[in-house]
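The data block below is query-v7.cif; it holds mmCIF, C-alpha atoms.
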```cif
data_run
loop_
_atom_site.label_atom_id
_atom_site.label_comp_id
_atom_site.auth_asym_id
_atom_site.auth_seq_id
_atom_site.Cartn_x
_atom_site.Cartn_y
_atom_site.Cartn_z
CA MET A 225 -37.13 -13.42 9.37
CA ASP A 226 -37.64 -14.52 12.97
CA THR A 227 -38.68 -10.97 13.84
CA VAL A 228 -41.27 -10.94 11.05
CA ASN A 229 -42.63 -14.33 12.15
CA ASP A 230 -42.80 -13.19 15.75
CA LEU A 231 -44.64 -10.03 14.72
CA LEU A 232 -47.13 -11.99 12.63
CA GLN A 233 -47.65 -14.50 15.45
CA PHE A 234 -48.19 -11.67 17.93
CA SER A 235 -50.67 -9.91 15.62
CA ILE A 236 -52.75 -13.02 14.98
CA ASN A 237 -52.85 -14.03 18.64
CA ALA A 238 -53.68 -10.50 19.81
CA LEU A 239 -56.39 -9.92 17.18
CA SER A 240 -57.99 -13.31 17.90
CA LEU A 241 -57.98 -12.76 21.65
CA GLY A 242 -59.04 -9.14 21.20
CA SER A 243 -62.09 -10.04 19.14
CA LEU A 244 -63.13 -12.51 21.86
CA TYR A 245 -62.56 -9.91 24.60
CA ALA A 246 -64.58 -7.38 22.56
CA LEU A 247 -67.56 -9.75 22.46
CA MET A 248 -67.28 -10.26 26.23
CA ALA A 249 -67.24 -6.50 26.81
CA LEU A 250 -70.15 -5.88 24.42
CA GLY A 251 -72.32 -8.41 26.24
CA LEU A 252 -71.83 -6.43 29.44
CA ALA A 253 -72.00 -2.95 27.91
CA ILE A 254 -75.23 -3.40 25.95
CA VAL A 255 -77.22 -4.00 29.14
CA TYR A 256 -75.39 -1.25 31.04
CA GLY A 257 -76.20 1.21 28.26
CA ILE A 258 -79.93 0.92 28.99
CA LEU A 259 -80.34 -0.05 32.65
CA ARG A 260 -77.03 1.30 34.00
CA LEU A 261 -76.64 -2.21 35.39
CA ILE A 262 -73.26 -3.90 35.60
CA ASN A 263 -74.57 -7.43 35.26
CA PHE A 264 -72.05 -9.56 37.12
CA ALA A 265 -74.22 -12.60 36.40
CA TYR A 266 -73.09 -12.27 32.76
CA GLY A 267 -70.16 -14.60 33.48
CA GLU A 268 -72.60 -17.30 34.55
CA LEU A 269 -74.25 -17.12 31.13
CA VAL A 270 -70.86 -18.13 29.71
CA MET A 271 -70.82 -20.97 32.25
CA VAL A 272 -74.34 -22.07 31.25
CA GLY A 273 -73.28 -22.20 27.61
CA GLY A 274 -70.19 -24.23 28.55
CA TYR A 275 -72.11 -26.82 30.56
CA THR A 276 -74.74 -27.10 27.83
CA LEU A 277 -71.94 -27.83 25.37
CA LEU A 278 -70.62 -30.46 27.81
CA VAL A 279 -73.97 -32.24 28.08
CA VAL A 280 -75.16 -32.02 24.48
CA GLY A 281 -71.71 -32.54 22.96
CA ALA A 282 -71.25 -35.83 24.84
CA GLY A 283 -73.99 -37.48 22.74
CA PRO A 284 -74.26 -38.28 19.03
CA VAL A 285 -75.27 -34.72 18.14
CA PRO A 286 -72.88 -33.04 15.63
CA TRP A 287 -70.71 -30.42 17.30
CA LEU A 288 -72.08 -27.48 15.30
CA ILE A 289 -75.63 -28.36 16.38
CA ALA A 290 -74.44 -28.75 19.98
CA ALA A 291 -72.81 -25.31 19.70
CA ALA A 292 -76.06 -23.79 18.37
CA ILE A 293 -77.99 -25.38 21.26
CA ALA A 294 -75.46 -24.01 23.78
CA VAL A 295 -75.88 -20.47 22.40
CA THR A 296 -79.67 -20.83 22.41
CA VAL A 297 -79.68 -21.99 26.03
CA ALA A 298 -77.49 -19.01 27.00
CA VAL A 299 -80.00 -16.64 25.32
CA MET A 300 -82.92 -18.32 27.11
CA ALA A 301 -81.08 -18.15 30.44
CA SER A 302 -80.40 -14.44 29.93
CA LEU A 303 -84.06 -13.73 29.13
CA LEU A 304 -85.13 -15.78 32.15
CA LEU A 305 -82.81 -13.81 34.42
CA GLU A 306 -84.18 -10.52 33.08
CA ARG A 307 -87.78 -11.63 33.66
CA ILE A 308 -87.38 -13.25 37.08
CA ALA A 309 -84.45 -11.47 38.74
CA PHE A 310 -84.06 -8.00 37.23
CA ARG A 311 -87.49 -6.88 36.04
CA PRO A 312 -89.03 -6.83 39.56
CA VAL A 313 -86.24 -4.51 40.80
CA ARG A 314 -85.81 -2.48 37.61
CA ASP A 315 -87.01 0.77 39.21
CA ALA A 316 -84.93 0.27 42.36
CA SER A 317 -81.64 1.99 43.07
CA PRO A 318 -78.49 1.06 41.10
CA ASN A 319 -77.10 -0.53 44.27
CA THR A 320 -80.09 -2.86 44.46
CA LEU A 321 -79.60 -3.91 40.83
CA LEU A 322 -75.91 -4.50 41.45
CA ILE A 323 -76.55 -6.62 44.55
CA THR A 324 -79.16 -8.58 42.61
CA SER A 325 -76.63 -9.39 39.90
CA PHE A 326 -74.14 -10.60 42.52
CA ALA A 327 -76.84 -12.72 44.15
CA VAL A 328 -77.84 -14.31 40.85
CA SER A 329 -74.18 -15.02 40.06
CA ALA A 330 -73.61 -16.71 43.42
CA LEU A 331 -76.86 -18.68 43.10
CA LEU A 332 -75.98 -20.09 39.69
CA GLN A 333 -72.43 -20.96 40.71
CA ASN A 334 -73.59 -22.78 43.83
CA ALA A 335 -76.34 -24.57 41.92
CA VAL A 336 -73.73 -26.06 39.58
CA LEU A 337 -71.48 -26.92 42.54
CA LEU A 338 -74.37 -28.70 44.25
CA PHE A 339 -76.15 -30.42 41.39
CA VAL A 340 -73.33 -31.05 38.90
CA SER A 341 -69.79 -31.22 40.29
CA PRO A 342 -67.13 -28.93 41.75
CA ARG A 343 -64.48 -30.67 39.64
CA PRO A 344 -63.50 -29.67 36.10
CA LYS A 345 -65.25 -31.63 33.35
CA ALA A 346 -63.53 -32.26 30.02
CA VAL A 347 -65.58 -31.15 27.01
CA SER A 348 -65.62 -33.07 23.75
CA LEU A 349 -64.24 -30.77 21.07
CA PRO A 350 -63.61 -31.23 17.33
CA SER A 351 -60.03 -31.69 16.18
CA ILE A 352 -59.97 -28.22 14.62
CA PHE A 353 -59.44 -26.78 18.10
CA THR A 354 -55.98 -28.35 18.24
CA GLU A 355 -54.90 -28.12 14.59
CA ASN A 356 -52.60 -25.52 13.04
CA PHE A 357 -51.98 -23.94 9.67
CA VAL A 358 -48.34 -24.10 8.59
CA VAL A 359 -47.24 -21.06 6.59
CA GLY A 360 -43.49 -21.22 6.06
CA ASP A 361 -41.97 -21.19 9.52
CA LEU A 362 -45.16 -19.84 11.05
CA LEU A 363 -47.67 -21.99 12.96
CA ILE A 364 -51.16 -20.45 13.02
CA SER A 365 -53.78 -22.03 15.24
CA LYS A 366 -56.96 -22.77 13.28
CA ILE A 367 -59.11 -21.85 16.25
CA ASN A 368 -57.48 -18.42 16.41
CA VAL A 369 -58.41 -17.80 12.77
CA ILE A 370 -61.96 -19.08 13.30
CA THR A 371 -62.34 -16.97 16.45
CA LEU A 372 -61.17 -13.86 14.63
CA ILE A 373 -63.45 -14.37 11.60
CA THR A 374 -66.49 -15.31 13.70
CA CYS A 375 -66.15 -12.49 16.20
CA LEU A 376 -65.44 -9.79 13.62
CA SER A 377 -68.43 -11.00 11.59
CA LEU A 378 -70.65 -10.79 14.67
CA LEU A 379 -69.38 -7.29 15.44
CA GLY A 380 -70.28 -6.22 11.90
CA LEU A 381 -73.74 -7.84 12.05
CA LEU A 382 -74.43 -6.27 15.43
CA THR A 383 -73.50 -2.84 14.05
CA LEU A 384 -75.92 -3.32 11.14
CA PHE A 385 -78.63 -4.52 13.51
CA LEU A 386 -78.29 -1.49 15.77
CA ARG A 387 -78.21 1.00 12.90
CA ARG A 388 -80.61 -0.48 10.32
CA THR A 389 -83.43 -2.19 12.28
CA LEU A 390 -86.28 -0.60 14.22
CA ILE A 391 -85.53 -2.48 17.44
CA GLY A 392 -81.83 -1.66 17.07
CA ILE A 393 -82.59 2.05 16.72
CA SER A 394 -84.87 1.73 19.76
CA LEU A 395 -81.99 0.24 21.72
CA ARG A 396 -79.75 3.15 20.79
CA ALA A 397 -82.44 5.67 21.68
CA ALA A 398 -83.08 3.96 25.03
CA ALA A 399 -79.39 4.16 25.83
CA ASP A 400 -79.47 7.90 25.19
CA ASP A 401 -82.66 8.68 27.15
CA PHE A 402 -84.69 5.71 28.35
CA THR A 403 -87.48 7.82 29.88
CA MET A 404 -88.03 9.84 26.70
CA THR A 405 -87.93 6.66 24.61
CA ARG A 406 -90.76 5.20 26.70
CA LEU A 407 -92.77 8.42 26.39
CA LEU A 408 -92.46 8.17 22.61
CA GLY A 409 -94.23 4.82 22.71
CA VAL A 410 -91.35 2.33 22.67
CA ARG A 411 -92.16 -0.62 24.90
CA ALA A 412 -89.61 -0.79 27.71
CA ASN A 413 -89.98 -4.52 28.29
CA ARG A 414 -89.30 -5.28 24.64
CA VAL A 415 -86.19 -3.10 24.46
CA ILE A 416 -84.71 -4.42 27.70
CA ALA A 417 -85.50 -8.05 26.82
CA THR A 418 -83.78 -7.54 23.46
CA ALA A 419 -80.69 -6.16 25.18
CA PHE A 420 -80.57 -9.20 27.48
CA ALA A 421 -81.13 -11.54 24.52
CA ILE A 422 -78.18 -10.01 22.66
CA SER A 423 -76.08 -10.20 25.83
CA GLY A 424 -76.98 -13.88 26.23
CA PHE A 425 -76.22 -14.58 22.58
CA LEU A 426 -72.77 -13.00 22.87
CA ALA A 427 -72.15 -14.93 26.11
CA GLY A 428 -73.10 -18.16 24.35
CA VAL A 429 -70.70 -17.50 21.48
CA VAL A 430 -67.95 -16.56 23.94
CA SER A 431 -68.52 -19.83 25.83
CA LEU A 432 -67.79 -21.86 22.69
CA PHE A 433 -64.38 -20.31 22.14
CA TRP A 434 -63.54 -19.94 25.83
CA VAL A 435 -64.26 -23.62 26.49
CA GLY A 436 -62.42 -24.43 23.26
CA ARG A 437 -59.31 -22.74 24.68
CA LEU A 438 -59.59 -24.37 28.12
CA GLY A 439 -60.88 -27.78 27.08
CA SER A 440 -63.01 -28.11 30.22
CA VAL A 441 -65.77 -26.46 32.26
CA THR A 442 -65.95 -25.62 35.97
CA PRO A 443 -68.55 -23.84 38.14
CA THR A 444 -66.27 -20.78 38.19
CA LEU A 445 -65.84 -20.73 34.41
CA GLY A 446 -67.48 -17.30 34.12
CA LEU A 447 -65.23 -15.46 36.60
CA THR A 448 -62.48 -14.62 34.14
CA PRO A 449 -64.81 -13.54 31.28
CA ILE A 450 -66.78 -11.17 33.53
CA LEU A 451 -63.56 -9.70 34.92
CA ILE A 452 -62.21 -9.20 31.40
CA ALA A 453 -65.49 -7.71 30.22
CA PHE A 454 -65.63 -5.29 33.15
CA ILE A 455 -62.02 -4.13 32.74
CA ALA A 456 -62.43 -3.71 28.98
CA THR A 457 -65.59 -1.63 29.34
CA VAL A 458 -63.98 0.56 32.00
CA ILE A 459 -60.94 1.14 29.78
CA GLY A 460 -63.00 1.87 26.67
CA GLY A 461 -65.83 3.77 28.36
CA MET A 462 -68.85 2.32 30.17
CA GLU A 463 -71.36 4.28 28.08
CA SER A 464 -70.02 3.36 24.65
CA LEU A 465 -70.25 0.09 22.76
CA LEU A 466 -67.43 1.30 20.54
CA GLY A 467 -65.47 1.85 23.74
CA ALA A 468 -66.18 -1.73 24.82
CA VAL A 469 -64.72 -3.00 21.53
CA VAL A 470 -61.68 -0.71 21.81
CA GLY A 471 -61.15 -1.73 25.42
CA GLY A 472 -61.37 -5.43 24.54
CA PHE A 473 -58.74 -5.18 21.81
CA LEU A 474 -56.46 -2.98 23.93
CA LEU A 475 -56.62 -5.41 26.84
CA ALA A 476 -55.83 -8.34 24.54
CA PHE A 477 -52.85 -6.55 22.98
CA LEU A 478 -51.55 -5.78 26.47
CA THR A 479 -51.99 -9.40 27.57
CA VAL A 480 -50.34 -10.95 24.52
CA GLY A 481 -47.68 -8.23 24.30
CA LEU A 482 -46.56 -8.76 27.88
CA GLN A 483 -46.35 -12.48 27.23
CA PHE A 484 -43.96 -11.76 24.36
CA ILE A 485 -41.74 -9.14 26.01
CA LEU A 486 -41.59 -10.20 29.66
CA PRO A 487 -38.72 -12.50 30.67
CA GLN A 488 -39.65 -16.02 31.72
CA GLU A 489 -39.21 -15.34 35.44
CA LEU A 490 -41.74 -12.45 35.31
CA LEU A 491 -44.49 -14.17 33.31
CA ASP A 492 -46.30 -15.17 36.50
CA PHE A 493 -46.72 -11.44 37.23
CA ARG A 494 -48.24 -10.65 33.83
CA GLN A 495 -51.65 -9.79 35.29
CA ALA A 496 -50.07 -7.38 37.77
CA PHE A 497 -48.30 -5.57 34.91
CA THR A 498 -51.55 -5.51 32.93
CA PHE A 499 -53.51 -3.94 35.79
CA PHE A 500 -50.74 -1.42 36.38
CA ILE A 501 -50.95 -0.26 32.75
CA VAL A 502 -54.76 -0.16 32.98
CA ILE A 503 -54.49 2.06 36.07
CA LEU A 504 -52.16 4.41 34.19
CA VAL A 505 -54.66 4.66 31.32
CA LEU A 506 -57.50 5.46 33.72
CA LEU A 507 -55.44 8.09 35.54
CA PHE A 508 -55.30 10.09 32.31
CA ARG A 509 -58.74 9.05 30.95
CA PRO A 510 -60.97 8.18 33.94
CA GLN A 511 -64.06 8.35 31.70
CA GLY A 512 -62.57 5.76 29.35
CA LEU A 513 -60.88 6.08 25.98
CA VAL A 514 -64.17 6.53 24.11
CA GLN A 515 -66.75 8.82 25.65
CA GLY A 516 -70.34 8.08 24.64
CA SER A 517 -71.65 11.57 24.14
CA HIS A 518 -74.74 10.60 22.14
CA SER A 519 -76.78 7.55 21.30
CA ALA A 520 -74.93 6.65 18.15
CA GLU A 521 -71.80 6.15 20.15
CA ARG A 522 -73.39 4.46 23.12
CA VAL A 523 -75.41 1.78 21.36
#
```

Now that the file is in, can you turn its structure into structure tokens?
Amino acid sequence: MDTVNDLLQFSINALSLGSLYALMALGLAIVYGILRLINFAYGELVMVGGYTLLVVGAGPVPWLIAAAIAVTVAVMASLLLERIAFRPVRDASPNTLLITSFAVSALLQNAVLLFVSPRPKAVSLPSIFTENFVVGDLLISKINVITLITCLSLLGLLTLFLRRTLIGISLRAAADDFTMTRLLGVRANRVIATAFAISGFLAGVVSLFWVGRLGSVTPTLGLTPILIAFIATVIGGMESLLGAVVGGFLLAFLTVGLQFILPQELLDFRQAFTFFIVILVLLFRPQGLVQGSHSAERV
């Protein structure tokens, strides 16, 4: 019975974390699919959502409304970054775009350090973030269940959006051949702004659950999400959104699995074991587990 409970606990934890990791990876991959830009400022969008939740959630506003405002602010911040920081250098070399993303990331982090506080700030969260379901001998965190349902629902809606709407089809076509898509009359600014809006939306949703797990916000809140997103997309395949999802779930199963099987004295080295396994995967599949060979797979 203990083995069954442990297996169920592992599955729920891994699926919940995997769905969150998949959203992180998708937010990074959807912009890369069009601009070939690894947007390292994506983590700061998670930070912006977290600090918005801190400010708005401290007042009399219901938490769900505060969460919606946090996601909206993350979307607006992403669109603002695309318009001010990335659009002027869009036709520059990939190195220029990459350096720009690093510069934006550093700027936002230091702005929060300077104008807010370098210290962690506790965020007001509803009680559901600390409550559990009791099923026999099994304790299931309510937030894990909510994370899983929310993230899987968003993945399904995003799939429908990309396959059934005109702008979604344009996004997929732009990922396959951006130049040809523009020649066919699709407005580049609209497609790219939509990709950044989706990326910001996913970052905003991630910030809710990431802050919910940590209970606080810091200026470096986005470092771990961007690292996770980058590793997951590399594992799954940089040119495939399906690969980003696969990479996110695989990374989560590795993380939770190592926590279950490693002895107590080796738990501090869990990340080292994770990266070692990731390196092994990439030695055999350097292009990633899912290779985006056409637009339907990429976006």

For a quick check of understanding, using all atoms listed in the file, which of A:Gly281, A:Gly436, A:Gly273, A:Pro443 has the smallest distance to Arg343 in chain A?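 Counting all atoms listed in the file, the residue closest to Arg343 in chain A is A:Pro443.
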
Quick one: apply the PyMOL selection byres ((chain A and resi 290-304) around 7) to the file and drop the selected residues here as a list in words.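 This file, filtered by the PyMOL selection byres ((chain A and resi 290-304) around 7), leaves Leu269, Val272, Gly273, Thr276, Leu277, Val280, Gly281, Val285, Pro286, Trp287, Leu288, Ile289, Leu305, Glu306, Arg307, Ile308, Ala417, Phe420, Ala421, Gly424, Phe425, Ala427, Gly428, Val429 and Leu432 of chain A.
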
With all atoms listed in the file as the basis for distance, which of A:Leu259, A:Val270, A:Val480, A:Leu363 is at the shortest distance from Pro318 in chain A?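 With all atoms listed in the file as the atom set, the closest residue is A:Leu259.
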
Where does the PyMOL selection byres ((chain A and resi 477) around 9) land in this file, that is, which residues does it pick, as a PyMOL selection string? chain A and resi 234-235+237-239+241-242+472-476+478-482

Shell around Leu447 in chain A at 9 Å using all atoms listed in the file, local window under 2 positions removed, as a PyMOL selection string: chain A and resi 267-268+271+444-445+449-452

Would you kindly translate the PyMOL selection byres ((chain A and resi 262) around 10) into the concrete residues it picks from this file, as a list in words? Leu252, Ala253, Ile254, Val255, Tyr256, Gly257, Leu259, Arg260, Leu261, Asn263, Phe264, Ala265, Tyr266, Pro318, Leu321, Leu322, Ile323, Ser325, Phe326, Ile450, Phe454 and Met462 of chain A

Atom-to-atom span, CA of Val415 in chain A and CA of Ser394 in chain A, Å: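 Taking CA of Val415 in chain A as the start and CA of Ser394 in chain A as the end point, the length is 6.9 Å.
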
Gap from CA of Arg437 in chain A to CA of Ile367 in chain A - Å, one decimal: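 Distance between the two atoms: 8.5 Å.
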
Taking into account all atoms listed in the file, which residue in the set A:Ala346, A:Ala327, A:Ala246, A:Leu513 is nearest to Leu378 in chain A?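 Ranked by minimum distance to Leu378 in chain A, first place goes to A:Ala246.
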
Just how far from CA of Phe484 in chain A is CA of Leu466 in chain A, in Å to one decimal? 27.1 Å

Closest of A:Asn413, A:Ser240, A:Asn334, A:Gln488 to Pro312 in chain A - atom-to-atom distances counting all atoms listed in the file: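 Using all atoms listed in the file, Pro312 in chain A sits closest to A:Asn413.
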
Take range 318-348 of chain A from the preceding structure and save N, CA and C atoms as a PDB file, in the first residue's frame.
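Everything below was put into out16.pdb:
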```
ATOM      1  N   PRO A 318      21.467  37.689 -34.671  1.00  0.00           N
ATOM      2  CA  PRO A 318      20.968  36.971 -33.487  1.00  0.00           C
ATOM      3  C   PRO A 318      21.737  37.331 -32.215  1.00  0.00           C
ATOM      4  N   ASN A 319      23.034  37.597 -32.349  1.00  0.00           N
ATOM      5  CA  ASN A 319      23.828  37.978 -31.180  1.00  0.00           C
ATOM      6  C   ASN A 319      23.340  39.300 -30.586  1.00  0.00           C
ATOM      7  N   THR A 320      22.980  40.231 -31.459  1.00  0.00           N
ATOM      8  CA  THR A 320      22.466  41.521 -30.984  1.00  0.00           C
ATOM      9  C   THR A 320      21.157  41.338 -30.228  1.00  0.00           C
ATOM     10  N   LEU A 321      20.265  40.506 -30.762  1.00  0.00           N
ATOM     11  CA  LEU A 321      19.002  40.228 -30.085  1.00  0.00           C
ATOM     12  C   LEU A 321      19.240  39.576 -28.731  1.00  0.00           C
ATOM     13  N   LEU A 322      20.188  38.643 -28.692  1.00  0.00           N
ATOM     14  CA  LEU A 322      20.485  37.951 -27.445  1.00  0.00           C
ATOM     15  C   LEU A 322      21.034  38.917 -26.401  1.00  0.00           C
ATOM     16  N   ILE A 323      21.961  39.774 -26.806  1.00  0.00           N
ATOM     17  CA  ILE A 323      22.537  40.757 -25.876  1.00  0.00           C
ATOM     18  C   ILE A 323      21.462  41.724 -25.397  1.00  0.00           C
ATOM     19  N   THR A 324      20.553  42.088 -26.302  1.00  0.00           N
ATOM     20  CA  THR A 324      19.449  42.970 -25.912  1.00  0.00           C
ATOM     21  C   THR A 324      18.587  42.332 -24.830  1.00  0.00           C
ATOM     22  N   SER A 325      18.307  41.034 -24.978  1.00  0.00           N
ATOM     23  CA  SER A 325      17.479  40.354 -23.973  1.00  0.00           C
ATOM     24  C   SER A 325      18.192  40.308 -22.622  1.00  0.00           C
ATOM     25  N   PHE A 326      19.507  40.081 -22.633  1.00  0.00           N
ATOM     26  CA  PHE A 326      20.273  40.112 -21.381  1.00  0.00           C
ATOM     27  C   PHE A 326      20.242  41.512 -20.760  1.00  0.00           C
ATOM     28  N   ALA A 327      20.375  42.530 -21.598  1.00  0.00           N
ATOM     29  CA  ALA A 327      20.375  43.910 -21.095  1.00  0.00           C
ATOM     30  C   ALA A 327      19.029  44.270 -20.462  1.00  0.00           C
ATOM     31  N   VAL A 328      17.951  43.878 -21.128  1.00  0.00           N
ATOM     32  CA  VAL A 328      16.615  44.152 -20.594  1.00  0.00           C
ATOM     33  C   VAL A 328      16.421  43.427 -19.261  1.00  0.00           C
ATOM     34  N   SER A 329      16.867  42.168 -19.192  1.00  0.00           N
ATOM     35  CA  SER A 329      16.764  41.394 -17.960  1.00  0.00           C
ATOM     36  C   SER A 329      17.501  42.078 -16.813  1.00  0.00           C
ATOM     37  N   ALA A 330      18.738  42.491 -17.070  1.00  0.00           N
ATOM     38  CA  ALA A 330      19.530  43.158 -16.033  1.00  0.00           C
ATOM     39  C   ALA A 330      18.897  44.481 -15.626  1.00  0.00           C
ATOM     40  N   LEU A 331      18.370  45.219 -16.603  1.00  0.00           N
ATOM     41  CA  LEU A 331      17.740  46.515 -16.318  1.00  0.00           C
ATOM     42  C   LEU A 331      16.536  46.360 -15.400  1.00  0.00           C
ATOM     43  N   LEU A 332      15.678  45.392 -15.702  1.00  0.00           N
ATOM     44  CA  LEU A 332      14.480  45.192 -14.886  1.00  0.00           C
ATOM     45  C   LEU A 332      14.831  44.710 -13.479  1.00  0.00           C
ATOM     46  N   GLN A 333      15.788  43.800 -13.381  1.00  0.00           N
ATOM     47  CA  GLN A 333      16.207  43.329 -12.065  1.00  0.00           C
ATOM     48  C   GLN A 333      16.743  44.469 -11.216  1.00  0.00           C
ATOM     49  N   ASN A 334      17.606  45.284 -11.798  1.00  0.00           N
ATOM     50  CA  ASN A 334      18.210  46.381 -11.040  1.00  0.00           C
ATOM     51  C   ASN A 334      17.205  47.475 -10.719  1.00  0.00           C
ATOM     52  N   ALA A 335      16.205  47.653 -11.577  1.00  0.00           N
ATOM     53  CA  ALA A 335      15.156  48.626 -11.291  1.00  0.00           C
ATOM     54  C   ALA A 335      14.373  48.222 -10.045  1.00  0.00           C
ATOM     55  N   VAL A 336      14.072  46.936  -9.915  1.00  0.00           N
ATOM     56  CA  VAL A 336      13.365  46.452  -8.733  1.00  0.00           C
ATOM     57  C   VAL A 336      14.266  46.553  -7.500  1.00  0.00           C
ATOM     58  N   LEU A 337      15.539  46.219  -7.657  1.00  0.00           N
ATOM     59  CA  LEU A 337      16.483  46.350  -6.541  1.00  0.00           C
ATOM     60  C   LEU A 337      16.556  47.789  -6.046  1.00  0.00           C
ATOM     61  N   LEU A 338      16.538  48.736  -6.978  1.00  0.00           N
ATOM     62  CA  LEU A 338      16.712  50.141  -6.635  1.00  0.00           C
ATOM     63  C   LEU A 338      15.433  50.777  -6.103  1.00  0.00           C
ATOM     64  N   PHE A 339      14.317  50.505  -6.765  1.00  0.00           N
ATOM     65  CA  PHE A 339      13.091  51.225  -6.446  1.00  0.00           C
ATOM     66  C   PHE A 339      12.136  50.465  -5.523  1.00  0.00           C
ATOM     67  N   VAL A 340      12.340  49.172  -5.362  1.00  0.00           N
ATOM     68  CA  VAL A 340      11.457  48.398  -4.474  1.00  0.00           C
ATOM     69  C   VAL A 340      12.253  47.954  -3.245  1.00  0.00           C
ATOM     70  N   SER A 341      12.925  46.820  -3.343  1.00  0.00           N
ATOM     71  CA  SER A 341      13.723  46.336  -2.212  1.00  0.00           C
ATOM     72  C   SER A 341      14.508  45.107  -2.648  1.00  0.00           C
ATOM     73  N   PRO A 342      15.734  44.953  -2.147  1.00  0.00           N
ATOM     74  CA  PRO A 342      16.471  43.725  -2.452  1.00  0.00           C
ATOM     75  C   PRO A 342      16.040  42.538  -1.597  1.00  0.00           C
ATOM     76  N   ARG A 343      15.245  42.800  -0.574  1.00  0.00           N
ATOM     77  CA  ARG A 343      14.837  41.742   0.348  1.00  0.00           C
ATOM     78  C   ARG A 343      13.578  41.039  -0.147  1.00  0.00           C
ATOM     79  N   PRO A 344      13.403  39.775   0.221  1.00  0.00           N
ATOM     80  CA  PRO A 344      12.163  39.064  -0.134  1.00  0.00           C
ATOM     81  C   PRO A 344      10.948  39.726   0.504  1.00  0.00           C
ATOM     82  N   LYS A 345       9.848  39.737  -0.216  1.00  0.00           N
ATOM     83  CA  LYS A 345       8.592  40.293   0.272  1.00  0.00           C
ATOM     84  C   LYS A 345       7.535  39.197   0.283  1.00  0.00           C
ATOM     85  N   ALA A 346       6.915  38.991   1.448  1.00  0.00           N
ATOM     86  CA  ALA A 346       5.873  37.974   1.558  1.00  0.00           C
ATOM     87  C   ALA A 346       4.619  38.418   0.812  1.00  0.00           C
ATOM     88  N   VAL A 347       4.031  37.489   0.065  1.00  0.00           N
ATOM     89  CA  VAL A 347       2.838  37.769  -0.729  1.00  0.00           C
ATOM     90  C   VAL A 347       1.622  37.172  -0.033  1.00  0.00           C
ATOM     91  N   SER A 348       0.548  37.959   0.009  1.00  0.00           N
ATOM     92  CA  SER A 348      -0.696  37.469   0.599  1.00  0.00           C
ATOM     93  C   SER A 348      -1.345  36.463  -0.345  1.00  0.00           C
TER      94      SER A 348
END
```
